[in-house]
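Shown next, in structure tokens, is the structure this report addresses.
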Amino acid sequence: MTALLEVNGLSVEFDLKDGTVSRVINDLNFSLTAGQTLGIVGESGCGKSMTALAIMGLVPMPPGRVADGVIALAGEDLLGASESRRREVRGNDVSMIFQEPMTSLNPVYTIGDQIGETVRLHQGLSRRDARERAVDMLRAVSIPAPEKRVDEYPHQLSGGMRQRVMIAMALACQPQVLIADEPTTALDVTVQAQIFDLLKELQEQTSSAIILITHDMGAIAEMAQRVVVMYAGRKVEEALVDEMLTNPKHPYTRGLIACVPHLEAKPSEERKVLTEIPGVVPSVAELGRGGCPFAPRCAEAMDRCHDEMPPEIIAAHDHKVACWMHVMAP
Amino acid sequence: MLDACDGAVMTDTENLLEVRDLKVHFPLPKTNPFASAPKVHAVDGVSFDTKRGTTFGLVGESGSGKTTTALAIMRLAPITDGSIRLNGEEICLLAGEPLRQQRRHMQIIFQDPYSSLNPRLRAGEIVRAPLDQLDVGDEKIRDDRVAELFRLVGLRPEQQALFPHQFSGGQRQRVGIARALATQPDLIVCDEPVSALDVAIQAQILNLLRRLQEEFGLTYLFISHDLGVVQHMCDDIAVMYLGQVIEHADRLSLFGRPLHPYTNALLSAVPSADPALRDRADRIRVSGDPPSPIDLPPGCRFASRCPFAEDRCRAEEPRLRLIAEGHQVRCHLVTDDGSPPPHLAA
Amino acid sequence: MMISDKPARPDKQVAIQVERPWLEAWNMFKKNRAAVAGLIILSSIIMISLLGPLAFPADPFAGAGPLLSPPGERGFLLGTDQQGRDILVGLLYGSQSTLMVGAAAAAITITIGILVGALAGYYRGWVEEVLLRITEFFQVLPPLLLAMVVVLLFSPSIVTISLAIGIVSWTSTARLVRAEFLRIRELDFVKAERAIGSRNARIIWTIILPNAAPPLIVSAALSVGVAILFEAGLAFLQLSDPNVMSWGYLISVNRPQILEAWWPVTFPGLAIFITVLSVSLIGDGLNDAFNPKLRQR
């Protein structure tokens, strides 16, 4: 299958106030095919959300800029495209769901207006048709009584309902790629489960590709087929989900999986001490120093790790990792 | 006739905390001058005991009343009715100086490490404040104690001179823990202590809390919506829904044999990295959102979302019944010998 | 799937940077050039008002030369007014009372505002209800009329004028303080204070108030400017201490001759304008200095 979205050698730079330049995304590669869900995991400050913004063409400029790389949608280079072409793509072919459904909806317009706005803009629908489409979309995201809800304002809806509206808005133009940036972090687990089911169902119908950005390995396991682990703006590991969960190679991935107390169906009396990843994510100003960025927090770091950036190697079938431990000694 | 939850627990010295029929109702502004003011039933008759040196978990989604319960026990939320005994002493009715003195025995760790520390005070002053306010020891003892607390929670004593914004989220939470430990309290309420932290930092804080518990025999009241964390931390767990406890059991029973449909729904909803758990056939899904805590439905509060609800569930409110040793459940469909609702068992 | 127990390389022991918040605020303030200019101007005005009368010992009310002599002529740098009084001497002596009234009235405004706002915001309930009604009462009265009544009831003097201005202008400060208290009292660190047994007085004055200080300091600076304008207004209406020279008084007595002689009115007006402007610039700089969002950059 050919790739629907291809990200190649993507680098994003930010000017810091002291005049230096920081690479918040560094040489990032991944691709996804139609109907597939790609998970991107990492702690906050790892560049997950910036990757999403770069694909959307929404990197704040200045102080940021896409310094290098290719983002291609169905073979069309988006980074080289004109701003008007990008606007056409944004919301139409590629759309995004944000973390916070409270602030992502405009409180002074009805939800029908907000969903309809997108289709009127991109597909030139009339006001009446747009409203009809909005009702259809609300029905599609399982909002009860959509004909009534379409005229309500965001504050009249619960958090879960608002996130459904966000999804309805994002899907109104039947995008080829949907980027979901921590779409359920603000929601309760039972509502999160509903949203995940909904996304999977809609994906089956429309065969859009989804990029799911999260810090929760469980959510990745539920939703994604493929997963990219990011650290300090770099991809440190990429594999199919089950391979990643059963056979993680990078110490950071292993830490991310082991530091969370996972729910067990039959808990035992004994409780292990959780694995800790010491320290914190490097700040923007600390990026781009020599060596593996994870080395200061890594329990297995060797001298080489502190001095030289490890190359990405293929550690197993369809499993890439950037770690010196897995590089054969020359 | 005794209510099951009243009969189930006898006062004994093993229990540090005994909560009986706790109610916190918040009045809302009147909409109709002739009707009585509507009330939010944030906590509506909660009872439980916490054994010394153990961790008691309160689980539930937003609006379940778990945090209000915790704040009421800390005497930081107004109590409408009920009884709270700490070390056998009734603290519901305390006020003024006696309440102030009682505070040295109970402390709280907050969820948000950013808003829980006064941005204008240095970390050392923050940790020292409880000692100053409650007149613990003399100057020298307080200085030593603060330095000791910093070491205990994994901070360096010279970091006392820093302001909160100079710490990372995890470090700030450590400062909050040091403050809670300062007066050597018996009970520490942990209100979602790791939900605001990055995944990789959560483990550091959870391990620290467990280490401190072992070292000092602390008793925790642990509030969380994260079932994985609760399973890891708690010995006894009460699941709350709309202000009520709907299931209450020890850790192994609750997670090994959950009886209430809501507990099952919660457990099913947790996304799992474990394929065995993920593809389980008996995962149940609930639809919709909880009803408003202002206009409560007449029957079981979960009936509107319960996939198994019958007519009886919508008409008659179930009691919290003792099903097995230490396992209570509030559901009509669970049989007396402890079988889950028939559809669930299938 | 376990990570080995070997400890990670310990963090480099970063030297502790002890912060001094006031020093940082000063550094932020310094970056605002207009504010620094305002500070320099205001300091100069204060210095002149203190030293000027010593340099020109004279009675500001006594005629010193010909009537309405234009500026720069006959040794009168700023000219004389319709009674032959030296405008420069009038400005120098008048600056003292003008600045004093400005500072005192602002102090009264802020004090009443903090007291009412803090108690209403912290205690809520009937305390808030009563204090809010009182605040509203003062808000709906026309301030100038109320101030005139106060000044007329007691004979006009610097004290009564300051009091009058303070009494009519505290309401907006009270509302600001109350809003800040309502916000801050819900933050977890205030709950934490209650949990460690702090008494209400400590929570109000040493925990919440310092956190409410940034907007309050800005508002205090601005209320100095407002008070100076107000004082000028009262003096213009002949409601000032007849025995004390002030800028407003100079404008007021020379207003009828404004078409024949522009200077006796213009120079005091300019003095008021510059003073109020410098105070506003300082207020703007204080806003920068205490706004934590700006400090992050």
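We name chains A, B, ... following the order of the structure tokens; residues begin at 1 in each chain, and ligands are numbered from 1 as shown.
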
List as JSON lines every residue of region 151-270 of chain A that is in contact with region 281-298 of chain B, defined as an atom at most 9 Å from one of its atoms (using only C-alpha atoms), together with the nearest atom pair and the distance in Å rounded to one decimal, sorted by chain and then rising number.
```
{"residue": "A:Ser158", "atom": "CA", "partner": "B:Asp289", "partner_atom": "CA", "distance": 7.8}
{"residue": "A:Gly160", "atom": "CA", "partner": "B:Asp289", "partner_atom": "CA", "distance": 7.7}
{"residue": "A:Met161", "atom": "CA", "partner": "B:Asp289", "partner_atom": "CA", "distance": 8.8}
{"residue": "A:Thr190", "atom": "CA", "partner": "B:Val286", "partner_atom": "CA", "distance": 6.8}
{"residue": "A:Val191", "atom": "CA", "partner": "B:Asp289", "partner_atom": "CA", "distance": 7.6}
{"residue": "A:Ala193", "atom": "CA", "partner": "B:Arg285", "partner_atom": "CA", "distance": 7.6}
{"residue": "A:Gln194", "atom": "CA", "partner": "B:Ser287", "partner_atom": "CA", "distance": 7.2}
```

Keeping only N, CA and C atoms, write the selected residues to a file as a PDB file, in the first residue's frame.
```
ATOM      1  N   SER A 158     -22.150  18.711  27.773  1.00  0.00           N
ATOM      2  CA  SER A 158     -21.160  18.176  28.705  1.00  0.00           C
ATOM      3  C   SER A 158     -19.818  18.047  27.987  1.00  0.00           C
ATOM      4  N   GLY A 160     -17.976  15.459  27.344  1.00  0.00           N
ATOM      5  CA  GLY A 160     -17.945  14.381  26.363  1.00  0.00           C
ATOM      6  C   GLY A 160     -18.667  14.788  25.090  1.00  0.00           C
ATOM      7  N   MET A 161     -19.795  15.473  25.257  1.00  0.00           N
ATOM      8  CA  MET A 161     -20.577  15.936  24.107  1.00  0.00           C
ATOM      9  C   MET A 161     -19.771  16.931  23.293  1.00  0.00           C
ATOM     10  N   THR A 190     -15.030   6.383  31.176  1.00  0.00           N
ATOM     11  CA  THR A 190     -16.160   5.773  30.462  1.00  0.00           C
ATOM     12  C   THR A 190     -16.474   6.579  29.208  1.00  0.00           C
ATOM     13  N   VAL A 191     -16.299   7.892  29.300  1.00  0.00           N
ATOM     14  CA  VAL A 191     -16.535   8.740  28.129  1.00  0.00           C
ATOM     15  C   VAL A 191     -15.400   8.552  27.119  1.00  0.00           C
ATOM     16  N   ALA A 193     -13.797   5.857  26.585  1.00  0.00           N
ATOM     17  CA  ALA A 193     -14.066   4.608  25.868  1.00  0.00           C
ATOM     18  C   ALA A 193     -15.082   4.837  24.761  1.00  0.00           C
ATOM     19  N   GLN A 194     -16.098   5.663  25.056  1.00  0.00           N
ATOM     20  CA  GLN A 194     -17.098   5.971  24.026  1.00  0.00           C
ATOM     21  C   GLN A 194     -16.452   6.687  22.839  1.00  0.00           C
TER      22      GLN A 194
END
```

Problem set entry | Residues within 9 Å of Val189 (chain B), only C-alpha atoms, excluding chain neighbours under 5 positions, as a ChimeraX atom specification | /B:70-71,73-74,106-110,180,219-223

For this session: Mind checking which residues fall within 10 Å of Gly69 (chain A), counting only C-alpha atoms, ignoring those fewer than 2 positions away in the same chain, and posting them as a ChimeraX atom specification?
Result: /A:7-12,26-29,66-67,71-72,79

Generate a file of the selected residues that holds N, CA, C and O atoms, formatted as a PDB file, in the first residue's frame.
```
ATOM      1  N   VAL A   7       6.022  11.850   6.165  1.00  0.00           N
ATOM      2  CA  VAL A   7       6.818  12.886   6.808  1.00  0.00           C
ATOM      3  C   VAL A   7       8.267  12.439   6.713  1.00  0.00           C
ATOM      4  O   VAL A   7       8.613  11.350   7.154  1.00  0.00           O
ATOM      5  N   ASN A   8       9.086  13.282   6.105  1.00  0.00           N
ATOM      6  CA  ASN A   8      10.462  12.874   5.827  1.00  0.00           C
ATOM      7  C   ASN A   8      11.455  13.941   6.266  1.00  0.00           C
ATOM      8  O   ASN A   8      11.403  15.065   5.789  1.00  0.00           O
ATOM      9  N   GLY A   9      12.333  13.570   7.175  1.00  0.00           N
ATOM     10  CA  GLY A   9      13.398  14.489   7.590  1.00  0.00           C
ATOM     11  C   GLY A   9      12.891  15.803   8.144  1.00  0.00           C
ATOM     12  O   GLY A   9      13.534  16.838   8.007  1.00  0.00           O
ATOM     13  N   LEU A  10      11.728  15.761   8.799  1.00  0.00           N
ATOM     14  CA  LEU A  10      11.127  17.007   9.294  1.00  0.00           C
ATOM     15  C   LEU A  10      11.924  17.597  10.457  1.00  0.00           C
ATOM     16  O   LEU A  10      12.238  16.895  11.418  1.00  0.00           O
ATOM     17  N   SER A  11      12.265  18.869  10.343  1.00  0.00           N
ATOM     18  CA  SER A  11      12.900  19.578  11.453  1.00  0.00           C
ATOM     19  C   SER A  11      12.181  20.903  11.677  1.00  0.00           C
ATOM     20  O   SER A  11      11.869  21.594  10.713  1.00  0.00           O
ATOM     21  N   VAL A  12      11.909  21.208  12.912  1.00  0.00           N
ATOM     22  CA  VAL A  12      11.277  22.480  13.259  1.00  0.00           C
ATOM     23  C   VAL A  12      12.198  23.213  14.217  1.00  0.00           C
ATOM     24  O   VAL A  12      12.701  22.611  15.177  1.00  0.00           O
ATOM     25  N   ASN A  26      13.518  17.120  15.269  1.00  0.00           N
ATOM     26  CA  ASN A  26      14.798  16.873  14.651  1.00  0.00           C
ATOM     27  C   ASN A  26      14.738  15.628  13.767  1.00  0.00           C
ATOM     28  O   ASN A  26      14.607  14.515  14.265  1.00  0.00           O
ATOM     29  N   ASP A  27      14.792  15.825  12.446  1.00  0.00           N
ATOM     30  CA  ASP A  27      14.911  14.730  11.496  1.00  0.00           C
ATOM     31  C   ASP A  27      13.880  13.622  11.740  1.00  0.00           C
ATOM     32  O   ASP A  27      14.220  12.469  11.963  1.00  0.00           O
ATOM     33  N   LEU A  28      12.622  14.008  11.690  1.00  0.00           N
ATOM     34  CA  LEU A  28      11.552  13.057  12.003  1.00  0.00           C
ATOM     35  C   LEU A  28      11.032  12.413  10.720  1.00  0.00           C
ATOM     36  O   LEU A  28      10.763  13.094   9.734  1.00  0.00           O
ATOM     37  N   ASN A  29      10.923  11.077  10.730  1.00  0.00           N
ATOM     38  CA  ASN A  29      10.387  10.347   9.584  1.00  0.00           C
ATOM     39  C   ASN A  29       9.280   9.421  10.037  1.00  0.00           C
ATOM     40  O   ASN A  29       9.446   8.692  11.006  1.00  0.00           O
ATOM     41  N   VAL A  66       9.528  25.703  10.058  1.00  0.00           N
ATOM     42  CA  VAL A  66       9.905  24.375   9.591  1.00  0.00           C
ATOM     43  C   VAL A  66      11.223  24.544   8.853  1.00  0.00           C
ATOM     44  O   VAL A  66      11.287  25.221   7.828  1.00  0.00           O
ATOM     45  N   ALA A  67      12.281  23.968   9.388  1.00  0.00           N
ATOM     46  CA  ALA A  67      13.612  24.253   8.864  1.00  0.00           C
ATOM     47  C   ALA A  67      13.969  23.326   7.714  1.00  0.00           C
ATOM     48  O   ALA A  67      14.732  23.696   6.842  1.00  0.00           O
ATOM     49  N   ILE A  71       6.723  17.126   3.947  1.00  0.00           N
ATOM     50  CA  ILE A  71       5.465  16.550   4.406  1.00  0.00           C
ATOM     51  C   ILE A  71       4.608  16.389   3.166  1.00  0.00           C
ATOM     52  O   ILE A  71       4.235  17.382   2.528  1.00  0.00           O
ATOM     53  N   ALA A  72       4.331  15.147   2.782  1.00  0.00           N
ATOM     54  CA  ALA A  72       3.606  14.917   1.538  1.00  0.00           C
ATOM     55  C   ALA A  72       2.289  14.216   1.818  1.00  0.00           C
ATOM     56  O   ALA A  72       2.244  13.213   2.521  1.00  0.00           O
ATOM     57  N   LEU A  79       4.686  21.345   2.321  1.00  0.00           N
ATOM     58  CA  LEU A  79       5.538  22.435   2.815  1.00  0.00           C
ATOM     59  C   LEU A  79       5.834  23.436   1.703  1.00  0.00           C
ATOM     60  O   LEU A  79       5.973  24.627   1.955  1.00  0.00           O
TER      61      LEU A  79
END
```

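Interatomic distance, CA of Val329 (chain B) against CA of Arg278 (chain B): 25.3 Å.
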
For this session: Residues of chain B near chain C: apply a cut-off of 9 Å, count only C-alpha atoms, and supply the list as number ranges by chain.
Result: B: 74-76, 97, 99-104, 106-120, 129-131, 133-134, 158-159, 161-163, 166, 179-180, 183

Could you make a table, as JSON lines, of the residues of chain A that have an atom within 8 Å of an atom of chain B, each with its nearest atom pair and distance in Å to one decimal, counting only C-alpha atoms, in chain and number order?
```
{"residue": "A:Glu43", "atom": "CA", "partner": "B:Asp198", "partner_atom": "CA", "distance": 6.1}
{"residue": "A:Ser44", "atom": "CA", "partner": "B:Asp198", "partner_atom": "CA", "distance": 6.8}
{"residue": "A:Ser158", "atom": "CA", "partner": "B:Asp289", "partner_atom": "CA", "distance": 7.8}
{"residue": "A:Gly160", "atom": "CA", "partner": "B:Asp289", "partner_atom": "CA", "distance": 7.7}
{"residue": "A:Asp188", "atom": "CA", "partner": "B:Glu61", "partner_atom": "CA", "distance": 5.8}
{"residue": "A:Val189", "atom": "CA", "partner": "B:Ala269", "partner_atom": "CA", "distance": 5.7}
{"residue": "A:Thr190", "atom": "CA", "partner": "B:Ala269", "partner_atom": "CA", "distance": 5.3}
{"residue": "A:Val191", "atom": "CA", "partner": "B:Asp289", "partner_atom": "CA", "distance": 7.6}
{"residue": "A:Gln192", "atom": "CA", "partner": "B:Ala269", "partner_atom": "CA", "distance": 7.5}
{"residue": "A:Ala193", "atom": "CA", "partner": "B:Ala269", "partner_atom": "CA", "distance": 5.3}
{"residue": "A:Gln194", "atom": "CA", "partner": "B:Ser287", "partner_atom": "CA", "distance": 7.2}
{"residue": "A:His215", "atom": "CA", "partner": "B:Val199", "partner_atom": "CA", "distance": 6.9}
{"residue": "A:Asp216", "atom": "CA", "partner": "B:Val199", "partner_atom": "CA", "distance": 7.9}
{"residue": "A:Met217", "atom": "CA", "partner": "B:Ala273", "partner_atom": "CA", "distance": 6.2}
{"residue": "A:Gly218", "atom": "CA", "partner": "B:Ser272", "partner_atom": "CA", "distance": 4.2}
{"residue": "A:Ala219", "atom": "CA", "partner": "B:Pro271", "partner_atom": "CA", "distance": 5.1}
{"residue": "A:Ile220", "atom": "CA", "partner": "B:Ala273", "partner_atom": "CA", "distance": 7.8}
{"residue": "A:Ala221", "atom": "CA", "partner": "B:Ala273", "partner_atom": "CA", "distance": 5.2}
{"residue": "A:Glu222", "atom": "CA", "partner": "B:Pro271", "partner_atom": "CA", "distance": 6.0}
{"residue": "A:Leu245", "atom": "CA", "partner": "B:Ala273", "partner_atom": "CA", "distance": 7.1}
{"residue": "A:Gly255", "atom": "CA", "partner": "B:Ala200", "partner_atom": "CA", "distance": 7.5}
{"residue": "A:Leu256", "atom": "CA", "partner": "B:Ala200", "partner_atom": "CA", "distance": 6.2}
{"residue": "A:Cys259", "atom": "CA", "partner": "B:Ala203", "partner_atom": "CA", "distance": 5.4}
{"residue": "A:Val260", "atom": "CA", "partner": "B:Ala203", "partner_atom": "CA", "distance": 6.5}
{"residue": "A:Pro261", "atom": "CA", "partner": "B:Gly228", "partner_atom": "CA", "distance": 5.2}
{"residue": "A:His262", "atom": "CA", "partner": "B:Gly228", "partner_atom": "CA", "distance": 5.0}
{"residue": "A:Leu263", "atom": "CA", "partner": "B:Gly228", "partner_atom": "CA", "distance": 4.4}
{"residue": "A:Glu264", "atom": "CA", "partner": "B:Leu277", "partner_atom": "CA", "distance": 7.6}
{"residue": "A:Ala265", "atom": "CA", "partner": "B:Gly256", "partner_atom": "CA", "distance": 6.3}
{"residue": "A:Lys266", "atom": "CA", "partner": "B:Gly256", "partner_atom": "CA", "distance": 5.1}
{"residue": "A:Pro267", "atom": "CA", "partner": "B:Leu252", "partner_atom": "CA", "distance": 6.2}
{"residue": "A:Ser268", "atom": "CA", "partner": "B:Leu252", "partner_atom": "CA", "distance": 7.2}
{"residue": "A:Glu269", "atom": "CA", "partner": "B:Leu252", "partner_atom": "CA", "distance": 7.4}
{"residue": "A:Arg271", "atom": "CA", "partner": "B:His232", "partner_atom": "CA", "distance": 6.7}
{"residue": "A:Val273", "atom": "CA", "partner": "B:Asn207", "partner_atom": "CA", "distance": 6.4}
{"residue": "A:Leu274", "atom": "CA", "partner": "B:Ala203", "partner_atom": "CA", "distance": 5.8}
{"residue": "A:Thr275", "atom": "CA", "partner": "B:Ala203", "partner_atom": "CA", "distance": 6.6}
{"residue": "A:Glu276", "atom": "CA", "partner": "B:Ala203", "partner_atom": "CA", "distance": 5.5}
{"residue": "A:Ile277", "atom": "CA", "partner": "B:Ala200", "partner_atom": "CA", "distance": 5.7}
{"residue": "A:Pro278", "atom": "CA", "partner": "B:Gln204", "partner_atom": "CA", "distance": 7.6}
{"residue": "A:Val280", "atom": "CA", "partner": "B:Ile201", "partner_atom": "CA", "distance": 7.8}
```

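If you take only C-alpha atoms and a cut-off of 8 Å, the residues of chain A that reach chain C are Lys17, Asn247, Pro248, Pro251, Arg254, Gly255, Ala258, Thr275, Pro278, Gly279, Pro296, Arg297, Cys298, Ala299, Glu300 and Ala301 of chain A.
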
Exercise. Can you list, as a ChimeraX atom specification, every protein, DNA or RNA residue that comes within 10 Å of Arg52 (chain B) when you count only C-alpha atoms, leaving out same-chain residues fewer than 6 positions away?
Worked result: /B:13-17,87,186-187,217-220

Saved selection, atoms kept: N, CA and C atoms, as a PDB file, in the first residue's frame:
```pdb
ATOM      1  N   THR B  13     -10.197  -0.156  67.683  1.00  0.00           N
ATOM      2  CA  THR B  13      -9.037   0.733  67.692  1.00  0.00           C
ATOM      3  C   THR B  13      -8.159   0.556  66.463  1.00  0.00           C
ATOM      4  N   GLU B  14      -8.412  -0.488  65.687  1.00  0.00           N
ATOM      5  CA  GLU B  14      -7.644  -0.681  64.465  1.00  0.00           C
ATOM      6  C   GLU B  14      -7.893   0.442  63.482  1.00  0.00           C
ATOM      7  N   ASN B  15      -9.105   1.022  63.583  1.00  0.00           N
ATOM      8  CA  ASN B  15      -9.488   2.026  62.600  1.00  0.00           C
ATOM      9  C   ASN B  15      -8.971   3.397  62.999  1.00  0.00           C
ATOM     10  N   LEU B  16      -8.274   4.031  62.084  1.00  0.00           N
ATOM     11  CA  LEU B  16      -7.849   5.403  62.332  1.00  0.00           C
ATOM     12  C   LEU B  16      -8.996   6.355  62.017  1.00  0.00           C
ATOM     13  N   LEU B  17      -9.672   6.062  60.919  1.00  0.00           N
ATOM     14  CA  LEU B  17     -10.715   6.974  60.442  1.00  0.00           C
ATOM     15  C   LEU B  17     -12.018   6.210  60.283  1.00  0.00           C
ATOM     16  N   ASN B  87      -9.006   8.869  65.082  1.00  0.00           N
ATOM     17  CA  ASN B  87      -8.468   8.395  66.362  1.00  0.00           C
ATOM     18  C   ASN B  87      -9.568   8.300  67.420  1.00  0.00           C
ATOM     19  N   ASP B 186      -1.338  11.550  61.329  1.00  0.00           N
ATOM     20  CA  ASP B 186      -1.707  10.138  61.233  1.00  0.00           C
ATOM     21  C   ASP B 186      -2.316   9.850  59.874  1.00  0.00           C
ATOM     22  N   LEU B 187      -3.159  10.824  59.421  1.00  0.00           N
ATOM     23  CA  LEU B 187      -3.889  10.616  58.168  1.00  0.00           C
ATOM     24  C   LEU B 187      -3.403  11.605  57.127  1.00  0.00           C
ATOM     25  N   GLY B 217       4.509   4.324  58.847  1.00  0.00           N
ATOM     26  CA  GLY B 217       3.207   3.740  59.148  1.00  0.00           C
ATOM     27  C   GLY B 217       2.060   4.687  58.873  1.00  0.00           C
ATOM     28  N   LEU B 218       2.186   5.470  57.796  1.00  0.00           N
ATOM     29  CA  LEU B 218       1.159   6.454  57.484  1.00  0.00           C
ATOM     30  C   LEU B 218      -0.123   5.786  56.998  1.00  0.00           C
ATOM     31  N   THR B 219      -1.230   6.480  57.202  1.00  0.00           N
ATOM     32  CA  THR B 219      -2.510   6.043  56.664  1.00  0.00           C
ATOM     33  C   THR B 219      -2.904   7.029  55.571  1.00  0.00           C
ATOM     34  N   TYR B 220      -3.218   6.498  54.392  1.00  0.00           N
ATOM     35  CA  TYR B 220      -3.586   7.376  53.284  1.00  0.00           C
ATOM     36  C   TYR B 220      -5.058   7.220  52.958  1.00  0.00           C
TER      37      TYR B 220
END
```

Exercise. As a VMD selection string, which residues of region 60-206 of chain C does DSSP assign to strand (DSSP E or B)?
Worked result: chain C and resid 73 76 80 86

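For the atom pair formed by CA of Tyr249 (chain C) and CA of Asp81 (chain C), the distance is 12.0 Å, given to one decimal.
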
Problem set entry | helix (DSSP H, G or I) per DSSP on the backbone: members of region 80-303 of chain B, as number ranges by chain | B: 96-105, 123-133, 139-152, 157-161, 164-166, 169-181, 199-216, 227-233, 251-256, 261-269, 275-278

Using only C-alpha atoms, which protein or nucleic acid residues come within 6 Å of Ala105 (chain C)? Drop anything in the same chain fewer than 3 positions from it, and give the result as a compact mmCIF listing (two decimals) with N, CA, C and O atoms, in the first residue's frame.
```txt
# COMPACT_ATOMS: atom_id res chain seq x y z
N VAL C 101 -1.42 66.06 48.55
CA VAL C 101 -2.81 65.61 48.42
C VAL C 101 -2.88 64.35 47.56
O VAL C 101 -3.59 63.39 47.89
N GLY C 102 -2.11 64.32 46.47
CA GLY C 102 -2.11 63.14 45.61
C GLY C 102 -1.74 61.89 46.39
O GLY C 102 -2.43 60.87 46.32
N ILE C 108 -5.41 56.85 51.19
CA ILE C 108 -6.74 56.62 51.78
C ILE C 108 -7.57 55.72 50.86
O ILE C 108 -8.20 54.76 51.30
N SER C 162 -7.88 65.66 51.00
CA SER C 162 -7.40 64.29 50.79
C SER C 162 -8.47 63.29 51.19
O SER C 162 -8.73 62.31 50.48
N ILE C 165 -11.31 63.18 48.63
CA ILE C 165 -10.95 62.45 47.41
C ILE C 165 -10.88 60.95 47.69
O ILE C 165 -11.38 60.12 46.92
N GLY C 166 -10.29 60.60 48.83
CA GLY C 166 -10.19 59.19 49.20
C GLY C 166 -11.56 58.55 49.33
O GLY C 166 -11.81 57.45 48.83
```

Problem set entry | Contact residues around region 281-290 of chain C with only C-alpha atoms at 12 Å, ignoring same-chain residues under 3 positions, as a PyMOL selection string | (chain B and resi 120) or (chain C and resi 21-43+210-225+274-278+293-297)

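For the residues C:Pro268, C:Pro57, C:Pro256, C:Gly125, ranking by smallest atom-to-atom distance to Thr98 (chain C) using only C-alpha atoms places C:Pro268 first.
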
Exercise. Could you pull the residues within 10 Å of region 31-47 of chain B, counting only C-alpha atoms, minus those fewer than 3 positions along the same chain, as a ChimeraX atom specification?
Worked result: /B:5-6,9,18-28,63-69,72,79-84,238,240-246,248,292-296
